[in-house]
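Novice: I'd like to ask you about the structure that follows.
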Amino acid sequence: MMTKIRSIQDSWLAKSILILTALSFMSLFGVSSYWGSAGKNKPIIKVDDVIVYQDEINSQFQQQLQQARNLFGEDLEINDAMKNAIMQDIVQKNLTNAIMQKTTDDLNVSISDELVRKIIYSQAEFMDANGNFSIEKLRRLLGASGWTEKRYIETLRGDIEKQHLLQHPAENVNIPHFMDKYLAQLENQRKVFKYIEIDPAKLSVDRKISKDELEQYYQDFIGQFEEPEKRDLQFVNLSVDALAAKMTPSEEDIKAYYQENISNYVIPEKRNVLQMMFEEQDAADKAMAALNAGGDFYKVAKEMAEQDKAATELGDVSKDMLLADMSEAVFAAPQGEVVGPIKSELGWHILKVTKITPKKETTLAAAKAKIIDALKKEHAFDEAYKTIAEIEDKIGGGATLQEISEAYKTPIYKVSGLKEDGSTQRAPVQFKKLISSADFIDAAFSYNTGEISQALEDETGFTIVEVVAIEDAHPKELSEVKAQIETMWAANEKNAIAQEIINDVTHDVENGDSLDSVAKRFGLTVKTTKPLKRTESFAGLSQQQMTELFQENVGSLKLVAHNDGQLLIVPTKVIKGSANLSKEETEVLRSKAKADMSQTVVDELLNAYSSNYDVRVKYKYVGLTEDN
């Protein structure tokens, strides 16, 4: 079993390491971290005693949304359909993970720390410039993706387990060659479809909502017509930039800062180097002789050191990146010169300098202005912390925000009608980002009228908030939401009419009437496709939907969701396909069929594993229905 698992390192797992869901180095590297907390949240998924809670699902959902915004920009609009799709995918993945967790426990399948560590250590993404594993680089990459080390490792371990219990059995699926001609016939088979589109939005309602219906809708959906809680606030803001402007660093501080951060101001000389390496000196001497005779470095490396281009290029290196003997020789050589053979612990090296990038140095005088700015801000934060401690002591002693404002000569800013979504009726424009931040909103809604918050810190400074007035959440008046109710009612009426049409058409077609005659009876338009292969599409249907349609018999009706409506589709003609395909085309078909069958095996294995447990999913707690 372990032999099979180890083979993953050079294949699927090695290539997918950053896409896997993953976790912490607590057990492997002695780092303590924790992701999520069940708390008192509702359980969403239960597989016997394995439980996934609401806050875990919501946390993953928020991470997915943020990753989408990181990729496409903060202005990305994510509609309800997209949110439902993301949430559905998250719930499905967590359900699969929970089932596999129980299965691996019951079957005593375990993945050693040594194997997990070895896989992580082998990833190029986590290596420094010297080719060594860098935990700092791993943490930066995980942090940028919103992952903890604990989450990374646990999910990596789980993915290896799933690979063993799900993917490996499915890899044994094979397609007999006698099926090749049938696969070809299916591939080349074409079908003609007739279809009717039922779009509720395009239907009309021949009456208006009654007064009784209006009031009933208001009562039934009153929760949707609530005016949220709003708060009026005032706050003071201590700007770090303002504090920094009052400070002047000493010359000693400036010199000390320059020396402490010298690597930011002095970039050492770098050289672009080619290298070939040999185990024996005789082989290295022969290669050096070939180079001295005019041989091309890449060609000699390929023929005599068996190195490809990538293995030959060291790239740009600084002196401290090479072993001692090599570094002295390489950095003493002029551009274009070959040095060696040089012996090291690894063997015999021949190196060539292809380019020299001179040392770059920013003098203290040139860097002084930026150093002063950095020191000012650094000292300003120190001063601000002292000031905030004084202010909080005064607030604890009963000082008002007005007294704080006067004592520290900072203005009071006012916010009217702040809601928990960050919107306001009126607020100072220059603090728009601050007011909509999670910390500011949390403070605004955590205190009662007349109470003053603790200091909130962000990159610009410190803010202290006072709640001035609270307007509790309350239902809007019927007159305010009348138009909204009328829109809801009309949409529901149109949906009901559409469903009635769908039911009638389905009934008549299933009783033997043609789609054309039924459409004529109901005043509907029938569209006919050209002959289509299963890899083609119409009306924007997905490949999965087309695959399902090709499984339907001629004359049978299938209902397919389409945008905000439905398509009523009937296959009307089958055109047999040729079995004549090239060898390459046949291999592509065989691969596709094997992939489809392998996925079926995976699905069946997962269903089989889940049948051993009490599996429950509360879709409604995350805004989904079982139909999503």
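How things are named: the first chain in the structure tokens is A, the next is B, and so on; residues count from 1 in each chain; ligands count from 1 in the order shown.
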Taking 4 positions as the minimum chain separation for residues in the same chain, which residues sit within 9 Å of Val481 of chain A when counting only C-alpha atoms? Answer as a PyMOL selection string.
Specialist: chain A and resi 218+225+476-477+485-486
Novice: Keeping only all heavy atoms, take the residues you just selected and write them out as a PDB file, in the first residue's frame.
Specialist:
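Once everything was written out, this is part_24.pdb:
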ATOM      1  N   TYR A 218     -47.516  40.680   2.272  1.00  0.00           N
ATOM      2  CA  TYR A 218     -46.800  41.500   3.254  1.00  0.00           C
ATOM      3  C   TYR A 218     -46.596  40.722   4.548  1.00  0.00           C
ATOM      4  O   TYR A 218     -45.504  40.721   5.126  1.00  0.00           O
ATOM      5  CB  TYR A 218     -47.581  42.787   3.511  1.00  0.00           C
ATOM      6  CG  TYR A 218     -46.944  43.702   4.540  1.00  0.00           C
ATOM      7  CD1 TYR A 218     -45.772  44.388   4.254  1.00  0.00           C
ATOM      8  CD2 TYR A 218     -47.527  43.867   5.801  1.00  0.00           C
ATOM      9  CE1 TYR A 218     -45.192  45.218   5.199  1.00  0.00           C
ATOM     10  CE2 TYR A 218     -46.955  44.694   6.756  1.00  0.00           C
ATOM     11  CZ  TYR A 218     -45.780  45.370   6.444  1.00  0.00           C
ATOM     12  OH  TYR A 218     -45.194  46.189   7.380  1.00  0.00           O
ATOM     13  N   PHE A 225     -38.954  42.523   4.344  1.00  0.00           N
ATOM     14  CA  PHE A 225     -39.247  43.953   4.227  1.00  0.00           C
ATOM     15  C   PHE A 225     -38.752  44.726   5.446  1.00  0.00           C
ATOM     16  O   PHE A 225     -39.246  45.798   5.767  1.00  0.00           O
ATOM     17  CB  PHE A 225     -40.753  44.168   4.046  1.00  0.00           C
ATOM     18  CG  PHE A 225     -41.349  43.349   2.949  1.00  0.00           C
ATOM     19  CD1 PHE A 225     -42.543  42.655   3.136  1.00  0.00           C
ATOM     20  CD2 PHE A 225     -40.721  43.258   1.719  1.00  0.00           C
ATOM     21  CE1 PHE A 225     -43.091  41.893   2.119  1.00  0.00           C
ATOM     22  CE2 PHE A 225     -41.266  42.496   0.691  1.00  0.00           C
ATOM     23  CZ  PHE A 225     -42.456  41.812   0.895  1.00  0.00           C
ATOM     24  N   LYS A 476     -40.756  47.671   7.389  1.00  0.00           N
ATOM     25  CA  LYS A 476     -41.179  48.831   6.619  1.00  0.00           C
ATOM     26  C   LYS A 476     -42.700  48.818   6.500  1.00  0.00           C
ATOM     27  O   LYS A 476     -43.337  47.780   6.587  1.00  0.00           O
ATOM     28  CB  LYS A 476     -40.552  48.802   5.221  1.00  0.00           C
ATOM     29  CG  LYS A 476     -39.041  48.922   5.215  1.00  0.00           C
ATOM     30  CD  LYS A 476     -38.516  48.855   3.782  1.00  0.00           C
ATOM     31  CE  LYS A 476     -37.004  48.941   3.756  1.00  0.00           C
ATOM     32  NZ  LYS A 476     -36.468  48.833   2.372  1.00  0.00           N
ATOM     33  N   GLU A 477     -43.265  49.984   6.309  1.00  0.00           N
ATOM     34  CA  GLU A 477     -44.702  50.091   6.109  1.00  0.00           C
ATOM     35  C   GLU A 477     -45.088  49.452   4.765  1.00  0.00           C
ATOM     36  O   GLU A 477     -44.288  49.426   3.816  1.00  0.00           O
ATOM     37  CB  GLU A 477     -45.139  51.560   6.121  1.00  0.00           C
ATOM     38  CG  GLU A 477     -44.925  52.261   7.447  1.00  0.00           C
ATOM     39  CD  GLU A 477     -45.797  51.681   8.560  1.00  0.00           C
ATOM     40  OE1 GLU A 477     -46.917  51.200   8.244  1.00  0.00           O
ATOM     41  OE2 GLU A 477     -45.348  51.687   9.718  1.00  0.00           O
ATOM     42  N   ILE A 485     -43.612  44.151  -3.475  1.00  0.00           N
ATOM     43  CA  ILE A 485     -44.538  43.015  -3.364  1.00  0.00           C
ATOM     44  C   ILE A 485     -45.194  42.729  -4.711  1.00  0.00           C
ATOM     45  O   ILE A 485     -45.345  41.564  -5.106  1.00  0.00           O
ATOM     46  CB  ILE A 485     -45.620  43.320  -2.302  1.00  0.00           C
ATOM     47  CG1 ILE A 485     -44.984  43.348  -0.909  1.00  0.00           C
ATOM     48  CG2 ILE A 485     -46.732  42.266  -2.351  1.00  0.00           C
ATOM     49  CD1 ILE A 485     -45.944  43.759   0.189  1.00  0.00           C
ATOM     50  N   GLU A 486     -45.586  43.773  -5.419  1.00  0.00           N
ATOM     51  CA  GLU A 486     -46.209  43.580  -6.733  1.00  0.00           C
ATOM     52  C   GLU A 486     -45.261  42.852  -7.687  1.00  0.00           C
ATOM     53  O   GLU A 486     -45.686  41.994  -8.466  1.00  0.00           O
ATOM     54  CB  GLU A 486     -46.613  44.936  -7.317  1.00  0.00           C
ATOM     55  CG  GLU A 486     -47.803  45.563  -6.583  1.00  0.00           C
ATOM     56  CD  GLU A 486     -48.097  46.975  -7.059  1.00  0.00           C
ATOM     57  OE1 GLU A 486     -47.190  47.581  -7.695  1.00  0.00           O
ATOM     58  OE2 GLU A 486     -49.196  47.481  -6.792  1.00  0.00           O
TER      59      GLU A 486
END
Novice: Would you mind listing what lies within 8 Å of Glu279 of chain A as a PyMOL selection string, with only C-alpha atoms counted and same-chain residues fewer than 2 positions away left out?
Specialist: chain A and resi 277+281+283+346-348
Novice: What is the atom CA of Gln454 of chain A-atom CA of Ser437 of chain A distance in Å, reported with one decimal?
Specialist: 15.5 Å
Novice: Can you list, as a PyMOL selection string, every protein, DNA or RNA residue that comes within 9 Å of segment 103-111 of chain A when you count only C-alpha atoms, leaving out same-chain residues fewer than 2 positions away?
Specialist: chain A and resi 2+5+98-101+113-116+157-158+160-162+165+609-610+612
Novice: At a cut-off of 9 Å, using only C-alpha atoms, what residues contact Thr525 of chain A? Leave out same-chain residues fewer than 3 positions from it and give the result as a list in words.
Specialist: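 Skipping anything fewer than 3 positions along the chain leaves Tyr195, Ile196, Glu197, Asp516, Ala519 and Lys520 of chain A.
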Novice: Using only C-alpha atoms, which residue out of A:Leu166, A:Asn97, A:Lys355, A:Lys377 lies closest to Ile51 of chain A?
Specialist: A:Asn97
Novice: Between A:Ile441, A:Ile502, A:Ile464, A:Val205, single out the one closest to Val560 of chain A, counting only C-alpha atoms.
Specialist: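 For Val560 of chain A, the nearest of the candidates is A:Ile502.
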Novice: Show me, as a list in words, the residues that have an atom within 8 Å of segment 588-605 of chain A when counting only C-alpha atoms, minus same-chain residues fewer than 2 positions from it.
Specialist: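 Counting only C-alpha atoms, the residues come to Leu166, Gln167, Pro169, Ala170, Glu171, Val173, Asn174, Ile175, Asp180, Leu183, Ala184, Glu187, Glu584, Glu585, Thr586, Asn607, Ala608 and Tyr609 of chain A.
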Novice: Write a file of the selected residues as an mmCIF file, in the first residue's frame, keeping N, CA, C and O atoms.
Specialist:
data_model
loop_
_atom_site.group_PDB
_atom_site.id
_atom_site.type_symbol
_atom_site.label_atom_id
_atom_site.label_comp_id
_atom_site.auth_asym_id
_atom_site.auth_seq_id
_atom_site.Cartn_x
_atom_site.Cartn_y
_atom_site.Cartn_z
ATOM 1 N N LEU A 166 -9.900 6.113 -3.567
ATOM 2 C CA LEU A 166 -10.837 6.402 -4.653
ATOM 3 C C LEU A 166 -10.181 6.346 -6.031
ATOM 4 O O LEU A 166 -10.663 5.657 -6.932
ATOM 5 N N GLN A 167 -9.077 7.080 -6.206
ATOM 6 C CA GLN A 167 -8.501 7.216 -7.538
ATOM 7 C C GLN A 167 -7.781 5.952 -8.004
ATOM 8 O O GLN A 167 -7.924 5.548 -9.153
ATOM 9 N N PRO A 169 -8.187 2.653 -7.313
ATOM 10 C CA PRO A 169 -9.049 1.578 -7.853
ATOM 11 C C PRO A 169 -9.631 1.935 -9.220
ATOM 12 O O PRO A 169 -9.782 1.065 -10.081
ATOM 13 N N ALA A 170 -9.948 3.218 -9.408
ATOM 14 C CA ALA A 170 -10.548 3.637 -10.678
ATOM 15 C C ALA A 170 -9.545 3.598 -11.833
ATOM 16 O O ALA A 170 -9.932 3.521 -12.999
ATOM 17 N N GLU A 171 -8.237 3.637 -11.514
ATOM 18 C CA GLU A 171 -7.222 3.620 -12.561
ATOM 19 C C GLU A 171 -7.161 2.271 -13.288
ATOM 20 O O GLU A 171 -6.607 2.166 -14.377
ATOM 21 N N VAL A 173 -9.584 0.665 -14.555
ATOM 22 C CA VAL A 173 -10.615 0.536 -15.591
ATOM 23 C C VAL A 173 -9.946 0.445 -16.964
ATOM 24 O O VAL A 173 -9.029 1.206 -17.274
ATOM 25 N N ASN A 174 -10.417 -0.474 -17.787
ATOM 26 C CA ASN A 174 -9.840 -0.632 -19.113
ATOM 27 C C ASN A 174 -10.955 -0.748 -20.152
ATOM 28 O O ASN A 174 -12.038 -1.255 -19.864
ATOM 29 N N ILE A 175 -10.691 -0.302 -21.365
ATOM 30 C CA ILE A 175 -11.663 -0.367 -22.464
ATOM 31 C C ILE A 175 -11.184 -1.421 -23.459
ATOM 32 O O ILE A 175 -10.130 -1.251 -24.089
ATOM 33 N N ASP A 180 -13.867 -0.396 -29.842
ATOM 34 C CA ASP A 180 -13.426 0.798 -30.572
ATOM 35 C C ASP A 180 -14.427 1.237 -31.635
ATOM 36 O O ASP A 180 -14.759 2.422 -31.763
ATOM 37 N N LEU A 183 -17.465 2.812 -30.047
ATOM 38 C CA LEU A 183 -17.145 4.163 -29.564
ATOM 39 C C LEU A 183 -17.134 5.145 -30.725
ATOM 40 O O LEU A 183 -17.635 6.277 -30.613
ATOM 41 N N ALA A 184 -16.553 4.706 -31.855
ATOM 42 C CA ALA A 184 -16.502 5.574 -33.030
ATOM 43 C C ALA A 184 -17.898 5.878 -33.559
ATOM 44 O O ALA A 184 -18.215 7.012 -33.933
ATOM 45 N N GLU A 187 -19.488 8.319 -31.319
ATOM 46 C CA GLU A 187 -18.888 9.636 -31.483
ATOM 47 C C GLU A 187 -19.442 10.338 -32.724
ATOM 48 O O GLU A 187 -19.688 11.548 -32.719
ATOM 49 N N GLU A 584 -5.252 8.075 -34.010
ATOM 50 C CA GLU A 584 -5.161 9.115 -32.986
ATOM 51 C C GLU A 584 -6.542 9.469 -32.438
ATOM 52 O O GLU A 584 -6.725 9.634 -31.225
ATOM 53 N N GLU A 585 -7.549 9.589 -33.348
ATOM 54 C CA GLU A 585 -8.907 9.914 -32.907
ATOM 55 C C GLU A 585 -9.480 8.797 -32.035
ATOM 56 O O GLU A 585 -10.177 9.052 -31.042
ATOM 57 N N THR A 586 -9.167 7.544 -32.412
ATOM 58 C CA THR A 586 -9.651 6.406 -31.612
ATOM 59 C C THR A 586 -9.052 6.426 -30.211
ATOM 60 O O THR A 586 -9.748 6.167 -29.222
ATOM 61 N N ASN A 607 -20.214 6.317 -2.938
ATOM 62 C CA ASN A 607 -21.556 5.931 -2.479
ATOM 63 C C ASN A 607 -21.503 4.691 -1.600
ATOM 64 O O ASN A 607 -22.225 4.581 -0.603
ATOM 65 N N ALA A 608 -20.625 3.753 -1.986
ATOM 66 C CA ALA A 608 -20.495 2.530 -1.195
ATOM 67 C C ALA A 608 -19.932 2.834 0.190
ATOM 68 O O ALA A 608 -20.410 2.314 1.205
ATOM 69 N N TYR A 609 -18.907 3.692 0.238
ATOM 70 C CA TYR A 609 -18.335 4.069 1.533
ATOM 71 C C TYR A 609 -19.385 4.768 2.401
ATOM 72 O O TYR A 609 -19.512 4.508 3.598
#
Novice: Report as number ranges by chain all protein, DNA and RNA residues lying within 6 Å of segment 334-344 of chain A, evaluated on only C-alpha atoms, omitting residues in the same chain fewer than 4 positions from it.
Specialist: A: 348-355
Novice: With N, CA, C and O atoms retained, write the just-selected residues as a short mmCIF file (atom, residue, chain, number, x, y, z; two decimals), in the first residue's frame.
Specialist:
data_model
loop_
_atom_site.label_atom_id
_atom_site.label_comp_id
_atom_site.auth_asym_id
_atom_site.auth_seq_id
_atom_site.Cartn_x
_atom_site.Cartn_y
_atom_site.Cartn_z
N TRP A 348 32.84 17.17 -9.55
CA TRP A 348 33.72 18.09 -10.26
C TRP A 348 32.89 19.02 -11.14
O TRP A 348 32.03 18.58 -11.90
N HIS A 349 33.17 20.32 -11.05
CA HIS A 349 32.35 21.34 -11.70
C HIS A 349 33.15 22.09 -12.76
O HIS A 349 34.33 22.43 -12.55
N ILE A 350 32.49 22.38 -13.89
CA ILE A 350 33.01 23.31 -14.89
C ILE A 350 31.97 24.40 -15.04
O ILE A 350 30.78 24.13 -15.22
N LEU A 351 32.39 25.66 -14.97
CA LEU A 351 31.44 26.78 -14.96
C LEU A 351 31.85 27.83 -15.99
O LEU A 351 33.04 28.03 -16.26
N LYS A 352 30.85 28.51 -16.53
CA LYS A 352 31.10 29.57 -17.49
C LYS A 352 30.29 30.80 -17.10
O LYS A 352 29.08 30.71 -16.81
N VAL A 353 30.95 31.95 -17.08
CA VAL A 353 30.31 33.22 -16.76
C VAL A 353 29.77 33.83 -18.06
O VAL A 353 30.55 34.16 -18.96
N THR A 354 28.44 33.95 -18.19
CA THR A 354 27.85 34.47 -19.43
C THR A 354 27.46 35.95 -19.33
O THR A 354 27.30 36.61 -20.35
N LYS A 355 27.30 36.45 -18.12
CA LYS A 355 26.89 37.84 -17.96
C LYS A 355 27.25 38.32 -16.56
O LYS A 355 27.18 37.55 -15.60
#
Novice: From a backbone DSSP assignment, name each residue in segment 435-561 of chain A labelled strand (DSSP E or B), as a list of chain:residue names.
Specialist: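 Residues of segment 435-561 of chain A classed as strand (DSSP E or B): A:Ile452, A:Leu456, A:Glu457, A:Asp458, A:Gly461, A:Phe462, A:Thr463, A:Ile464, A:Val465, A:Glu466, A:Val467, A:Val468, A:Ala469, A:Ile470, A:Glu471, A:His474, A:Pro475, A:Lys527, A:Thr528, A:Leu532, A:Lys533, A:Lys558, A:Leu559, A:Val560, A:Ala561.
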Novice: Suppose we keep N, CA, C and O atoms; can you now write the selection as a compact mmCIF listing (two decimals), in the first residue's frame?
Specialist:
# COMPACT_ATOMS: atom_id res chain seq x y z
N ILE A 452 -18.26 54.69 24.62
CA ILE A 452 -17.11 54.97 23.76
C ILE A 452 -16.29 53.69 23.60
O ILE A 452 -16.04 52.98 24.57
N LEU A 456 -9.40 51.64 17.78
CA LEU A 456 -9.29 50.75 16.63
C LEU A 456 -8.04 51.13 15.86
O LEU A 456 -7.82 52.30 15.57
N GLU A 457 -7.22 50.15 15.50
CA GLU A 457 -5.97 50.43 14.80
C GLU A 457 -6.06 49.95 13.36
O GLU A 457 -6.53 48.86 13.08
N ASP A 458 -5.60 50.80 12.43
CA ASP A 458 -5.39 50.37 11.05
C ASP A 458 -4.07 50.95 10.57
O ASP A 458 -3.31 51.51 11.36
N GLY A 461 -3.64 54.84 11.38
CA GLY A 461 -3.65 55.41 12.72
C GLY A 461 -4.63 54.72 13.64
O GLY A 461 -4.87 53.51 13.52
N PHE A 462 -5.24 55.50 14.54
CA PHE A 462 -6.13 54.96 15.57
C PHE A 462 -7.43 55.75 15.57
O PHE A 462 -7.45 56.97 15.37
N THR A 463 -8.54 55.03 15.83
CA THR A 463 -9.87 55.64 15.82
C THR A 463 -10.62 55.25 17.08
O THR A 463 -10.56 54.09 17.51
N ILE A 464 -11.34 56.22 17.66
CA ILE A 464 -12.17 55.95 18.83
C ILE A 464 -13.60 56.37 18.48
O ILE A 464 -13.84 57.48 18.01
N VAL A 465 -14.55 55.46 18.70
CA VAL A 465 -15.92 55.65 18.23
C VAL A 465 -16.87 55.79 19.42
O VAL A 465 -16.74 55.08 20.43
N GLU A 466 -17.84 56.70 19.29
CA GLU A 466 -18.90 56.84 20.29
C GLU A 466 -20.25 56.67 19.60
O GLU A 466 -20.51 57.24 18.54
N VAL A 467 -21.12 55.84 20.21
CA VAL A 467 -22.47 55.64 19.69
C VAL A 467 -23.35 56.79 20.18
O VAL A 467 -23.51 56.99 21.39
N VAL A 468 -23.94 57.52 19.25
CA VAL A 468 -24.77 58.68 19.59
C VAL A 468 -26.24 58.30 19.68
O VAL A 468 -26.96 58.71 20.59
N ALA A 469 -26.72 57.51 18.71
CA ALA A 469 -28.14 57.13 18.69
C ALA A 469 -28.30 55.80 17.96
O ALA A 469 -27.51 55.47 17.08
N ILE A 470 -29.37 55.06 18.35
CA ILE A 470 -29.64 53.76 17.74
C ILE A 470 -31.09 53.73 17.26
O ILE A 470 -32.00 54.04 18.02
N GLU A 471 -31.26 53.38 16.00
CA GLU A 471 -32.60 53.16 15.46
C GLU A 471 -32.76 51.66 15.24
O GLU A 471 -32.09 51.06 14.39
N HIS A 474 -36.83 47.40 12.14
CA HIS A 474 -38.29 47.37 12.18
C HIS A 474 -38.85 47.13 10.78
O HIS A 474 -38.18 47.45 9.79
N PRO A 475 -40.03 46.53 10.68
CA PRO A 475 -40.62 46.29 9.36
C PRO A 475 -40.97 47.62 8.68
O PRO A 475 -41.43 48.57 9.33
N LYS A 527 -38.63 25.09 -32.16
CA LYS A 527 -37.37 25.27 -32.89
C LYS A 527 -36.77 23.89 -33.17
O LYS A 527 -36.93 22.97 -32.38
N THR A 528 -36.08 23.78 -34.31
CA THR A 528 -35.46 22.51 -34.71
C THR A 528 -33.96 22.72 -34.90
O THR A 528 -33.54 23.68 -35.57
N LEU A 532 -26.78 17.17 -34.86
CA LEU A 532 -25.70 17.50 -33.93
C LEU A 532 -24.99 16.26 -33.41
O LEU A 532 -25.63 15.24 -33.14
N LYS A 533 -23.66 16.37 -33.25
CA LYS A 533 -22.91 15.35 -32.52
C LYS A 533 -23.06 15.61 -31.03
O LYS A 533 -23.40 16.73 -30.61
N LYS A 558 -37.77 15.56 -22.68
CA LYS A 558 -36.91 15.84 -21.52
C LYS A 558 -37.00 17.32 -21.17
O LYS A 558 -36.96 18.19 -22.04
N LEU A 559 -37.14 17.58 -19.87
CA LEU A 559 -37.22 18.95 -19.37
C LEU A 559 -35.83 19.36 -18.87
O LEU A 559 -35.22 18.67 -18.06
N VAL A 560 -35.32 20.48 -19.40
CA VAL A 560 -33.96 20.92 -19.08
C VAL A 560 -34.01 22.37 -18.60
O VAL A 560 -34.59 23.24 -19.26
N ALA A 561 -33.40 22.63 -17.44
CA ALA A 561 -33.31 24.00 -16.94
C ALA A 561 -32.46 24.84 -17.89
O ALA A 561 -31.40 24.41 -18.35
Novice: Within segment 302-535 of chain A, find each residue whose DSSP state, derived from the backbone, is alpha helix (DSSP H), and express the selection as a PyMOL selection string.
Specialist: chain A and resi 302-304+309-312+324-332+364-396+401-407+432-435+438-444+478-510+515-522
Novice: Write out as a short mmCIF file (atom, residue, chain, number, x, y, z; two decimals) with N, CA and C atoms, in the first residue's frame each polymer residue whose atoms come within 12 Å of Arg231 of chain A, counting only C-alpha atoms; drop sequence neighbours fewer than 4 positions from it.
Specialist:
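Result file follows (result_24.cif):
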data_model
loop_
_atom_site.label_atom_id
_atom_site.label_comp_id
_atom_site.auth_asym_id
_atom_site.auth_seq_id
_atom_site.Cartn_x
_atom_site.Cartn_y
_atom_site.Cartn_z
N LYS A 414 -18.64 62.92 12.20
CA LYS A 414 -19.96 62.35 12.47
C LYS A 414 -20.41 61.43 11.32
N VAL A 415 -21.11 60.35 11.72
CA VAL A 415 -21.65 59.38 10.76
C VAL A 415 -23.13 59.20 11.08
N SER A 416 -23.98 59.30 10.07
CA SER A 416 -25.42 59.12 10.27
C SER A 416 -25.90 57.89 9.52
N GLY A 417 -26.77 57.11 10.18
CA GLY A 417 -27.44 55.98 9.54
C GLY A 417 -26.52 54.87 9.07
N LEU A 418 -25.54 54.52 9.88
CA LEU A 418 -24.66 53.41 9.52
C LEU A 418 -25.39 52.08 9.67
N LYS A 419 -25.34 51.24 8.63
CA LYS A 419 -25.91 49.90 8.68
C LYS A 419 -24.78 48.88 8.77
N GLU A 420 -25.16 47.66 9.11
CA GLU A 420 -24.14 46.62 9.28
C GLU A 420 -23.47 46.22 7.97
N ASP A 421 -24.05 46.62 6.84
CA ASP A 421 -23.39 46.34 5.56
C ASP A 421 -22.39 47.42 5.19
N GLY A 422 -22.22 48.44 6.07
CA GLY A 422 -21.25 49.50 5.83
C GLY A 422 -21.80 50.72 5.13
N SER A 423 -23.06 50.66 4.67
CA SER A 423 -23.65 51.82 4.00
C SER A 423 -24.07 52.85 5.04
N THR A 424 -24.13 54.10 4.62
CA THR A 424 -24.48 55.20 5.53
C THR A 424 -25.40 56.18 4.81
N GLN A 425 -26.09 57.01 5.64
CA GLN A 425 -26.86 58.12 5.06
C GLN A 425 -25.94 59.31 4.83
N ARG A 426 -25.01 59.50 5.74
CA ARG A 426 -24.06 60.61 5.61
C ARG A 426 -22.79 60.27 6.40
N ALA A 427 -21.64 60.53 5.78
CA ALA A 427 -20.37 60.22 6.43
C ALA A 427 -19.26 61.01 5.74
N ILE A 441 -17.27 48.72 11.91
CA ILE A 441 -18.67 48.30 12.01
C ILE A 441 -18.89 47.48 13.28
N ASP A 442 -17.93 46.61 13.59
CA ASP A 442 -18.04 45.78 14.79
C ASP A 442 -18.09 46.66 16.04
N ALA A 443 -17.24 47.70 16.08
CA ALA A 443 -17.24 48.61 17.23
C ALA A 443 -18.55 49.40 17.29
N ALA A 444 -19.01 49.85 16.12
CA ALA A 444 -20.23 50.66 16.08
C ALA A 444 -21.44 49.90 16.59
N PHE A 445 -21.47 48.58 16.37
CA PHE A 445 -22.64 47.78 16.75
C PHE A 445 -22.40 46.95 18.02
N SER A 446 -21.30 47.22 18.71
CA SER A 446 -21.01 46.48 19.95
C SER A 446 -21.23 47.31 21.22
N TYR A 447 -21.53 48.60 21.03
CA TYR A 447 -21.69 49.47 22.20
C TYR A 447 -23.08 50.09 22.21
N ASN A 448 -23.50 50.50 23.38
CA ASN A 448 -24.80 51.16 23.53
C ASN A 448 -24.67 52.67 23.40
N THR A 449 -25.81 53.33 23.34
CA THR A 449 -25.82 54.79 23.21
C THR A 449 -25.01 55.44 24.33
N GLY A 450 -24.12 56.36 23.93
CA GLY A 450 -23.30 57.09 24.90
C GLY A 450 -22.01 56.40 25.28
N VAL A 465 -14.55 55.46 18.70
CA VAL A 465 -15.92 55.65 18.23
C VAL A 465 -16.87 55.79 19.42
N GLU A 466 -17.84 56.70 19.29
CA GLU A 466 -18.90 56.84 20.29
C GLU A 466 -20.25 56.67 19.60
N VAL A 467 -21.12 55.84 20.21
CA VAL A 467 -22.47 55.64 19.69
C VAL A 467 -23.35 56.79 20.18
N VAL A 468 -23.94 57.52 19.25
CA VAL A 468 -24.77 58.68 19.59
C VAL A 468 -26.24 58.30 19.68
N ALA A 469 -26.72 57.51 18.71
CA ALA A 469 -28.14 57.13 18.69
C ALA A 469 -28.30 55.80 17.96
N ILE A 470 -29.37 55.06 18.35
CA ILE A 470 -29.64 53.76 17.74
C ILE A 470 -31.09 53.73 17.26
N GLU A 471 -31.26 53.38 16.00
CA GLU A 471 -32.60 53.16 15.46
C GLU A 471 -32.76 51.66 15.24
N ASP A 472 -33.62 51.02 16.04
CA ASP A 472 -33.76 49.58 15.98
C ASP A 472 -34.33 49.11 14.64
N ALA A 473 -34.02 47.86 14.31
CA ALA A 473 -34.60 47.26 13.10
C ALA A 473 -36.11 47.18 13.24
#
Novice: Rounded to one decimal in Å, what is the spacing between atom CA of Gln66 of chain A and atom CA of Val50 of chain A?
Specialist: 27.6 Å
Novice: If you measure from atom CA of Arg521 of chain A to atom CA of Phe193 of chain A, what distance in Å do you get, rounded to one decimal?
Specialist: 19.8 Å
